[in-house]
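For reference, data06.cif (mmCIF, C-alpha atoms):
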data_entry
#
loop_
_atom_site.label_atom_id
_atom_site.label_comp_id
_atom_site.auth_asym_id
_atom_site.auth_seq_id
_atom_site.Cartn_x
_atom_site.Cartn_y
_atom_site.Cartn_z
CA MET D 1 -218.37 68.73 43.45
CA PRO D 2 -219.23 70.47 46.74
CA LYS D 3 -219.76 74.23 46.76
CA THR D 4 -217.32 74.64 49.67
CA THR D 5 -214.47 72.72 51.24
CA MET D 6 -212.92 72.82 54.70
CA ILE D 7 -209.46 74.17 55.50
CA HIS D 8 -207.87 73.27 58.82
CA ALA D 9 -204.90 75.27 60.10
CA ARG D 10 -203.04 75.37 63.39
CA ILE D 11 -202.78 78.98 64.53
CA GLU D 12 -201.46 80.47 67.76
CA PRO D 13 -204.54 81.33 69.88
CA ASN D 14 -203.44 84.93 70.42
CA LEU D 15 -202.87 85.47 66.68
CA LYS D 16 -206.32 84.07 65.92
CA GLN D 17 -208.02 86.19 68.59
CA GLU D 18 -206.31 89.44 67.57
CA SER D 19 -206.93 88.74 63.88
CA GLU D 20 -210.60 88.00 64.45
CA ALA D 21 -210.99 91.27 66.37
CA MET D 22 -209.30 93.24 63.57
CA LEU D 23 -211.36 91.49 60.90
CA HIS D 24 -214.55 92.14 62.88
CA SER D 25 -213.76 95.86 62.86
CA LEU D 26 -213.50 95.59 59.07
CA GLY D 27 -216.85 93.79 58.87
CA LEU D 28 -215.28 90.45 57.95
CA ASN D 29 -215.14 87.05 59.56
CA MET D 30 -212.24 84.61 59.28
CA THR D 31 -213.84 82.64 56.44
CA GLN D 32 -214.39 85.79 54.38
CA ALA D 33 -210.82 86.97 55.00
CA ILE D 34 -209.32 83.63 54.00
CA THR D 35 -211.50 83.56 50.90
CA LEU D 36 -210.34 87.08 49.95
CA PHE D 37 -206.72 86.07 50.48
CA LEU D 38 -207.06 82.94 48.31
CA GLN D 39 -208.89 84.87 45.58
CA GLN D 40 -205.99 87.33 45.50
CA VAL D 41 -203.47 84.47 45.35
CA ARG D 42 -205.33 83.10 42.34
CA PHE D 43 -205.76 86.54 40.72
CA GLN D 44 -202.14 87.60 41.20
CA ARG D 45 -200.76 84.11 40.62
CA GLY D 46 -198.79 84.33 43.86
CA LEU D 47 -198.83 85.98 47.24
CA PRO D 48 -200.69 89.30 47.18
CA PHE D 49 -197.82 91.05 48.95
CA ASP D 50 -194.04 91.19 48.70
CA VAL D 51 -192.07 88.69 50.75
CA LYS D 52 -188.59 90.01 51.27
CA LEU D 53 -185.61 89.27 53.43
CA PRO D 54 -184.05 92.29 55.12
CA ASN D 55 -180.75 93.55 53.71
CA ALA D 56 -177.56 93.58 55.81
CA PRO D 57 -177.95 97.13 57.22
CA THR D 58 -181.56 96.45 58.20
CA LYS D 59 -180.58 93.16 59.85
CA GLU D 60 -177.90 94.95 61.88
CA ILE D 61 -180.34 97.63 63.02
CA MET D 62 -182.92 95.00 63.96
CA LYS D 63 -180.28 93.14 65.97
CA GLU D 64 -179.26 96.33 67.78
CA VAL D 65 -182.86 97.18 68.63
CA LEU D 66 -183.48 93.70 70.02
CA GLU D 67 -180.33 94.07 72.13
CA GLY D 68 -181.42 97.53 73.30
CA LYS D 69 -178.47 99.25 71.64
CA ASN D 70 -178.69 102.67 69.96
CA VAL D 71 -182.33 102.98 70.95
CA ASP D 72 -183.55 106.40 72.01
CA ASP D 73 -186.94 107.35 73.36
CA PHE D 74 -188.91 109.82 71.29
CA SER D 75 -192.32 111.30 71.89
CA PHE D 76 -194.94 111.09 69.17
CA ASP D 77 -194.66 114.86 68.63
CA GLU D 78 -190.88 114.61 68.16
CA LEU D 79 -191.34 111.89 65.56
CA GLU D 80 -194.03 113.88 63.77
CA ASN D 81 -191.81 116.98 63.70
CA ALA D 82 -188.84 114.96 62.41
CA LYS D 83 -191.02 113.64 59.60
CA ALA D 84 -192.03 117.14 58.46
#
Just dump the structure as structure tokens.
Amino acid sequence: MPKTTMIHARIEPNLKQESEAMLHSLGLNMTQAITLFLQQVRFQRGLPFDVKLPNAPTKEIMKEVLEGKNVDDFSFDELENAKA
């Protein structure tokens, strides 16, 4: 049995490029990241993160934001102060 096997995936070029840049900043290449992901799938016996559908209120808010409704502009400082 070979020590490695090939995985081929079709990925949007921009997604691949941005992901590679992010992984590079973490000291990883794409092969290492995919290997880590698959090891976590095996270890956790499923996806290593929650996959959820948004509830009705969240869906409505998302729809409004996409339509530009009820969207206000806030500065970073205003958001930080609101959080405190």
For CA of Ala82 in chain D and CA of Asn70 in chain D, the interatomic separation in Å (one decimal):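 Interatomic distance, CA of Ala82 in chain D to CA of Asn70 in chain D: 17.6 Å.
Pairwise distance (CA of Ala9 in chain D, CA of Met30 in chain D) equals 11.9 Å.
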Residue IDs satisfying the PyMOL selection byres ((chain D and resi 33-48) around 12), as number ranges by chain: D: 4-9, 19-20, 22-24, 26-32, 49-52
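You will find CA of Glu80 in chain D at 28.0 Å from CA of Leu53 in chain D.
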